[in-house]
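Asker: So that you have it, the file is data.cif, and it contains mmCIF, C-alpha atoms:
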data_my_file
loop_
_atom_site.group_PDB
_atom_site.id
_atom_site.type_symbol
_atom_site.label_atom_id
_atom_site.label_comp_id
_atom_site.auth_asym_id
_atom_site.auth_seq_id
_atom_site.Cartn_x
_atom_site.Cartn_y
_atom_site.Cartn_z
ATOM 1 C CA MET A 1 149.005 -152.597 -40.396
ATOM 2 C CA SER A 2 145.427 -153.041 -41.555
ATOM 3 C CA MET A 3 142.983 -155.153 -39.618
ATOM 4 C CA PRO A 4 139.824 -156.270 -41.464
ATOM 5 C CA SER A 5 136.785 -156.651 -39.253
ATOM 6 C CA ASN A 6 133.186 -156.971 -40.407
ATOM 7 C CA ASN A 7 133.937 -155.475 -43.824
ATOM 8 C CA VAL A 8 135.785 -152.547 -42.253
ATOM 9 C CA THR A 9 139.503 -151.966 -42.594
ATOM 10 C CA ASP A 10 141.222 -150.063 -39.812
ATOM 11 C CA VAL A 11 144.615 -148.682 -40.881
ATOM 12 C CA ALA A 12 146.790 -146.987 -38.297
ATOM 13 C CA TYR A 13 149.455 -144.594 -39.491
ATOM 14 C CA GLU A 14 151.564 -141.960 -37.837
ATOM 15 C CA ALA A 15 150.860 -138.336 -38.749
ATOM 16 C CA HIS A 16 153.440 -135.602 -38.331
ATOM 17 C CA ARG A 17 152.163 -132.030 -38.191
ATOM 18 C CA LEU A 18 154.868 -129.619 -39.271
ATOM 19 C CA THR A 19 154.519 -126.040 -38.059
ATOM 20 C CA VAL A 20 156.775 -123.341 -39.472
ATOM 21 C CA ASP A 21 157.385 -119.866 -38.057
ATOM 22 C CA THR A 22 157.168 -117.875 -41.289
ATOM 23 C CA GLY A 23 159.102 -114.910 -39.922
ATOM 24 C CA VAL A 24 156.754 -112.346 -41.462
ATOM 25 C CA PRO A 25 153.422 -110.730 -40.562
ATOM 26 C CA PHE A 26 150.236 -112.705 -41.189
ATOM 27 C CA GLU A 27 148.846 -110.660 -44.093
ATOM 28 C CA GLU A 28 152.213 -110.495 -45.847
ATOM 29 C CA PHE A 29 152.702 -114.260 -45.715
ATOM 30 C CA ARG A 30 149.095 -114.873 -46.711
ATOM 31 C CA GLN A 31 149.496 -112.674 -49.794
ATOM 32 C CA ARG A 32 152.766 -114.368 -50.746
ATOM 33 C CA TYR A 33 151.289 -117.844 -50.227
ATOM 34 C CA GLU A 34 148.154 -117.108 -52.248
ATOM 35 C CA ALA A 35 150.239 -115.574 -55.061
ATOM 36 C CA ALA A 36 152.533 -118.625 -55.181
ATOM 37 C CA VAL A 37 149.631 -121.081 -54.880
ATOM 38 C CA PRO A 38 146.835 -119.588 -56.977
ATOM 39 C CA ALA A 39 143.217 -120.652 -56.813
ATOM 40 C CA LEU A 40 141.982 -123.265 -59.252
ATOM 41 C CA ASP A 41 141.140 -121.644 -62.582
ATOM 42 C CA GLN A 42 137.662 -123.136 -62.451
ATOM 43 C CA PRO A 43 136.425 -121.948 -65.887
ATOM 44 C CA VAL A 44 139.444 -123.504 -67.618
ATOM 45 C CA PHE A 45 139.009 -126.878 -65.941
ATOM 46 C CA GLU A 46 135.229 -126.856 -66.370
ATOM 47 C CA ARG A 47 135.792 -126.254 -70.094
ATOM 48 C CA LEU A 48 138.264 -129.154 -70.259
ATOM 49 C CA ILE A 49 135.701 -131.430 -68.615
ATOM 50 C CA ARG A 50 132.887 -130.234 -70.902
ATOM 51 C CA GLU A 51 135.063 -130.791 -73.967
ATOM 52 C CA ASP A 52 136.201 -134.201 -72.700
ATOM 53 C CA ALA A 53 139.790 -133.041 -73.179
ATOM 54 C CA ASP A 54 142.687 -135.442 -73.303
ATOM 55 C CA TRP A 55 145.023 -135.797 -70.309
ATOM 56 C CA PRO A 56 147.913 -133.889 -71.969
ATOM 57 C CA ALA A 57 145.593 -130.854 -72.235
ATOM 58 C CA VAL A 58 144.839 -131.165 -68.503
ATOM 59 C CA LEU A 59 148.570 -131.406 -67.755
ATOM 60 C CA ARG A 60 149.290 -128.236 -69.771
ATOM 61 C CA ALA A 61 146.463 -126.295 -68.107
ATOM 62 C CA THR A 62 147.644 -127.434 -64.683
ATOM 63 C CA GLU A 63 151.217 -126.329 -65.350
ATOM 64 C CA ARG A 64 149.923 -122.863 -66.256
ATOM 65 C CA ASN A 65 147.677 -122.725 -63.153
ATOM 66 C CA ALA A 66 150.272 -124.084 -60.689
ATOM 67 C CA PRO A 67 153.542 -122.154 -61.140
ATOM 68 C CA HIS A 68 155.019 -123.740 -57.992
ATOM 69 C CA GLY A 69 153.334 -127.119 -58.335
ATOM 70 C CA PHE A 70 150.227 -126.448 -56.249
ATOM 71 C CA ILE A 71 146.727 -125.010 -56.644
ATOM 72 C CA ILE A 72 144.303 -123.837 -53.958
ATOM 73 C CA TYR A 73 141.056 -125.775 -54.387
ATOM 74 C CA TRP A 74 139.341 -124.285 -51.345
ATOM 75 C CA SER A 75 140.034 -121.797 -48.603
ATOM 76 C CA PHE A 76 138.192 -120.581 -45.549
ATOM 77 C CA ASP A 77 139.074 -117.594 -43.407
ATOM 78 C CA ASN A 78 138.237 -118.815 -39.908
ATOM 79 C CA THR A 79 138.935 -115.390 -38.430
ATOM 80 C CA ALA A 80 135.707 -113.621 -39.338
ATOM 81 C CA LEU A 81 133.311 -116.363 -38.242
ATOM 82 C CA LEU A 82 135.108 -117.435 -35.073
ATOM 83 C CA ARG A 83 135.611 -113.838 -34.000
ATOM 84 C CA LEU A 84 131.881 -113.886 -33.258
ATOM 85 C CA SER A 85 132.675 -116.220 -30.343
ATOM 86 C CA GLY A 86 135.152 -113.732 -28.917
ATOM 87 C CA ASP A 87 138.279 -115.422 -30.299
ATOM 88 C CA ARG A 88 140.807 -113.043 -31.838
ATOM 89 C CA TRP A 89 143.023 -115.546 -33.631
ATOM 90 C CA ARG A 90 143.833 -114.972 -37.293
ATOM 91 C CA SER A 91 143.592 -118.204 -39.249
ATOM 92 C CA VAL A 92 142.941 -119.389 -42.797
ATOM 93 C CA GLN A 93 142.572 -123.016 -43.887
ATOM 94 C CA TYR A 94 143.382 -124.253 -47.391
ATOM 95 C CA LEU A 95 143.086 -127.368 -49.490
ATOM 96 C CA MET A 96 146.214 -127.177 -51.637
ATOM 97 C CA GLY A 97 147.234 -129.761 -54.187
ATOM 98 C CA ASN A 98 147.678 -130.766 -57.770
ATOM 99 C CA HIS A 99 145.228 -133.143 -59.410
ATOM 100 C CA THR A 100 147.842 -134.372 -61.901
ATOM 101 C CA ILE A 101 150.017 -135.533 -59.005
ATOM 102 C CA ALA A 102 147.024 -136.949 -57.113
ATOM 103 C CA GLN A 103 146.068 -138.930 -60.228
ATOM 104 C CA ARG A 104 149.363 -140.825 -60.009
ATOM 105 C CA MET A 105 148.232 -142.146 -56.600
ATOM 106 C CA PHE A 106 144.506 -142.361 -57.400
ATOM 107 C CA HIS A 107 145.475 -144.755 -60.196
ATOM 108 C CA HIS A 108 146.589 -147.214 -57.485
ATOM 109 C CA ASN A 109 143.977 -146.511 -54.807
ATOM 110 C CA PRO A 110 141.130 -143.958 -54.990
ATOM 111 C CA ALA A 111 141.116 -143.703 -51.174
ATOM 112 C CA VAL A 112 144.180 -141.424 -51.412
ATOM 113 C CA MET A 113 141.724 -138.609 -52.059
ATOM 114 C CA GLU A 114 141.141 -138.606 -48.299
ATOM 115 C CA TYR A 115 144.453 -136.703 -48.093
ATOM 116 C CA ALA A 116 144.683 -135.094 -51.524
ATOM 117 C CA PRO A 117 144.521 -132.187 -51.757
ATOM 118 C CA LEU A 118 146.727 -131.407 -48.775
ATOM 119 C CA ARG A 119 145.248 -129.484 -45.868
ATOM 120 C CA THR A 120 147.257 -126.451 -44.781
ATOM 121 C CA THR A 121 146.608 -123.761 -42.193
ATOM 122 C CA LEU A 122 148.091 -120.316 -41.882
ATOM 123 C CA TYR A 123 147.573 -118.770 -38.456
ATOM 124 C CA GLU A 124 148.840 -116.216 -36.003
ATOM 125 C CA ASP A 125 149.614 -117.599 -32.552
ATOM 126 C CA ALA A 126 149.127 -115.912 -29.150
ATOM 127 C CA GLY A 127 152.531 -114.238 -29.458
ATOM 128 C CA GLY A 128 151.666 -112.760 -32.858
ATOM 129 C CA VAL A 129 153.920 -115.192 -34.733
ATOM 130 C CA THR A 130 152.624 -116.228 -38.149
ATOM 131 C CA ARG A 131 152.769 -119.980 -38.633
ATOM 132 C CA PHE A 132 152.202 -122.331 -41.546
ATOM 133 C CA ALA A 133 151.022 -125.834 -40.613
ATOM 134 C CA ILE A 134 150.728 -128.996 -42.702
ATOM 135 C CA ASP A 135 150.683 -132.713 -42.022
ATOM 136 C CA GLN A 136 153.724 -134.268 -43.713
ATOM 137 C CA PRO A 137 152.450 -135.768 -46.990
ATOM 138 C CA SER A 138 154.763 -138.803 -46.976
ATOM 139 C CA ARG A 139 153.373 -139.863 -43.587
ATOM 140 C CA GLN A 140 149.780 -139.639 -44.799
ATOM 141 C CA PHE A 141 150.347 -141.444 -48.083
ATOM 142 C CA GLY A 142 152.762 -143.943 -46.553
ATOM 143 C CA GLY A 143 149.777 -145.364 -44.656
ATOM 144 C CA PHE A 144 148.464 -146.939 -47.871
ATOM 145 C CA ASP A 145 151.203 -149.594 -47.821
ATOM 146 C CA ASP A 146 151.865 -149.143 -51.552
ATOM 147 C CA PRO A 147 155.387 -148.208 -52.692
ATOM 148 C CA ALA A 148 154.100 -146.244 -55.698
ATOM 149 C CA ILE A 149 151.824 -144.116 -53.495
ATOM 150 C CA ALA A 150 154.554 -143.721 -50.864
ATOM 151 C CA ALA A 151 156.990 -142.460 -53.514
ATOM 152 C CA VAL A 152 154.544 -139.744 -54.572
ATOM 153 C CA GLY A 153 154.131 -138.812 -50.895
ATOM 154 C CA VAL A 154 157.889 -138.254 -50.636
ATOM 155 C CA GLU A 155 157.778 -136.219 -53.852
ATOM 156 C CA LEU A 156 155.067 -134.062 -52.268
ATOM 157 C CA ASP A 157 157.277 -133.551 -49.203
ATOM 158 C CA HIS A 158 159.949 -132.156 -51.535
ATOM 159 C CA LYS A 159 157.460 -129.956 -53.397
ATOM 160 C CA VAL A 160 156.173 -128.485 -50.112
ATOM 161 C CA ALA A 161 159.817 -127.862 -49.113
ATOM 162 C CA ASP A 162 160.438 -126.091 -52.433
ATOM 163 C CA LEU A 163 157.331 -123.959 -51.918
ATOM 164 C CA LEU A 164 158.391 -122.939 -48.420
ATOM 165 C CA GLU A 165 161.865 -122.122 -49.721
ATOM 166 C CA PHE A 166 160.333 -119.963 -52.477
ATOM 167 C CA LEU A 167 158.286 -118.171 -49.801
ATOM 168 C CA ASP A 168 161.489 -117.515 -47.806
ATOM 169 C CA ALA A 169 160.137 -119.579 -44.919
ATOM 170 C CA PRO A 170 162.156 -122.130 -42.948
ATOM 171 C CA VAL A 171 162.038 -125.618 -44.434
ATOM 172 C CA PRO A 172 161.595 -128.481 -41.953
ATOM 173 C CA GLN A 173 164.346 -131.081 -42.433
ATOM 174 C CA GLN A 174 161.648 -133.796 -42.443
ATOM 175 C CA LEU A 175 160.486 -132.562 -45.859
ATOM 176 C CA ARG A 176 163.959 -132.982 -47.361
ATOM 177 C CA SER A 177 164.976 -136.271 -45.780
ATOM 178 C CA GLY A 178 162.350 -138.576 -47.328
#
Since I need it in another form, could you write the structure as structure tokens?
Answerer:
Amino acid sequence: MSMPSNNVTDVAYEAHRLTVDTGVPFEEFRQRYEAAVPALDQPVFERLIREDADWPAVLRATERNAPHGFIIYWSFDNTALLRLSGDRWRSVQYLMGNHTIAQRMFHHNPAVMEYAPLRTTLYEDAGGVTRFAIDQPSRQFGGFDDPAIAAVGVELDHKVADLLEFLDAPVPQQLRSG
């Protein structure tokens, strides 16, 4: 429920962080994840912007860049920097998404870009177990109180489930039940 106050809207929503034991060593899962979710092909998309390409051209380029529906827009390996503090965790953060899917929500409310692309983290816990963490997309986008945006959030749940299945990782039931 949103509560306007002095030109500020405060929207409460429930987030659900899903953490998956990948069942494989950190570097192996990282390589598989980054192969399945490649980095944004920046030169291609910069060219499309420069040429003021039509949306179908963007859709085609995105399909080629995102074989499993997602692209990595940004990543940061926390390990190297935070090791300087004495921490020995292995952890990489990612912004993973698909601008053609985000556009379908952006069309209704540009504020959806607060959660698109999706934030994911791959890390190794104290027991040496490699985990993949993500906030459930349908919960984030459901907070916009717009059925069209909520439907895309559920679609993203299913796409994340498909990605995890492709990576041979357990799929949380929450991603399939939406």
Asker: Which residue out of A:Pro67, A:Pro43, A:Pro172, A:Gly128 has the minimum interatomic distance to Phe26 (chain A) when only C-alpha atoms are used?
Answerer: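 Looking only at the distances to Phe26 (chain A), the closest residue turns out to be A:Gly128.
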Asker: Give me, please, the distance in Å between CA of Leu40 (chain A) and CA of Gly153 (chain A), quoted to one decimal.
Answerer: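 Taking CA of Leu40 (chain A) as the start and CA of Gly153 (chain A) as the end point, the length is 21.4 Å.
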Asker: CA of Leu122 (chain A) to CA of Leu18 (chain A): how many Å, to one decimal?
Answerer: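 Computing it gives 11.8 Å between the two atoms.
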Asker: Just how far from CA of Asn78 (chain A) is CA of Gln93 (chain A), in Å to one decimal?
Answerer: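 Taking CA of Gln93 (chain A) as the start and CA of Asn78 (chain A) as the end point, the length is 7.2 Å.
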Asker: Could you give me the centre and size, in Å to one decimal, of an axis-aligned box around all listed atoms of region 8-14 of chain A with 5 Å added on every side, as JSON?
Answerer:
{"center_x": 143.7, "center_y": -147.3, "center_z": -40.2, "size_x": 25.8, "size_y": 20.6, "size_z": 14.8}
Asker: Starting from the displayed file, determine the output of the PyMOL selection byres ((chain A and resi 132) around 8) and express the residue list as a list in words.
Answerer: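 So the PyMOL selection byres ((chain A and resi 132) around 8) ends up selecting Thr19, Val20, Asp21, Thr22, Thr120, Thr121, Leu122, Tyr123, Thr130, Arg131, Ala133 and Ile134 of chain A.
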Asker: Given the file above and the PyMOL selection byres ((chain A and resi 45) around 12), which residues are selected, and can you give them as number ranges by chain?
Answerer: A: 39-44, 46-55, 57-62, 64-65, 73, 99
Asker: Nearest to Ala102 (chain A): which of A:Gly86, A:Pro170, A:Gly127, A:Pro137 is it, counting all atoms listed in the file?
Answerer: A:Pro137
Asker: I'd like to see the residues matched by the PyMOL selection byres ((chain A and resi 140) around 8) on this file, and ideally I'd get them as a ChimeraX atom specification.
Answerer: /A:13-15,115,135-139,141-143,153
Asker: When you count all atoms listed in the file, which of these residues is closest to Phe144 (chain A): A:Gly97, A:Pro110, A:Pro25, A:Pro56?
Answerer: A:Pro110
Asker: Out of A:Ile149, A:Leu84, A:Leu156, A:Ala66, which residue has the shortest atom-to-atom distance to Met105 (chain A) when counting only C-alpha atoms?
Answerer: A:Ile149
Asker: Identify which of the residues A:Arg88, A:Arg17, A:His68, A:His107 lies closest to Ala148 (chain A), counting all atoms listed in the file when measuring atom-to-atom distances.
Answerer: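 Smallest separation from Ala148 (chain A) among the options: A:His107.
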Asker: For Ser177 (chain A), which residue out of A:Glu27, A:Asp157, A:Asp125, A:Asp87 is the nearest one, using only C-alpha atoms?
Answerer: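 Closest to Ser177 (chain A) of all the choices is A:Asp157.
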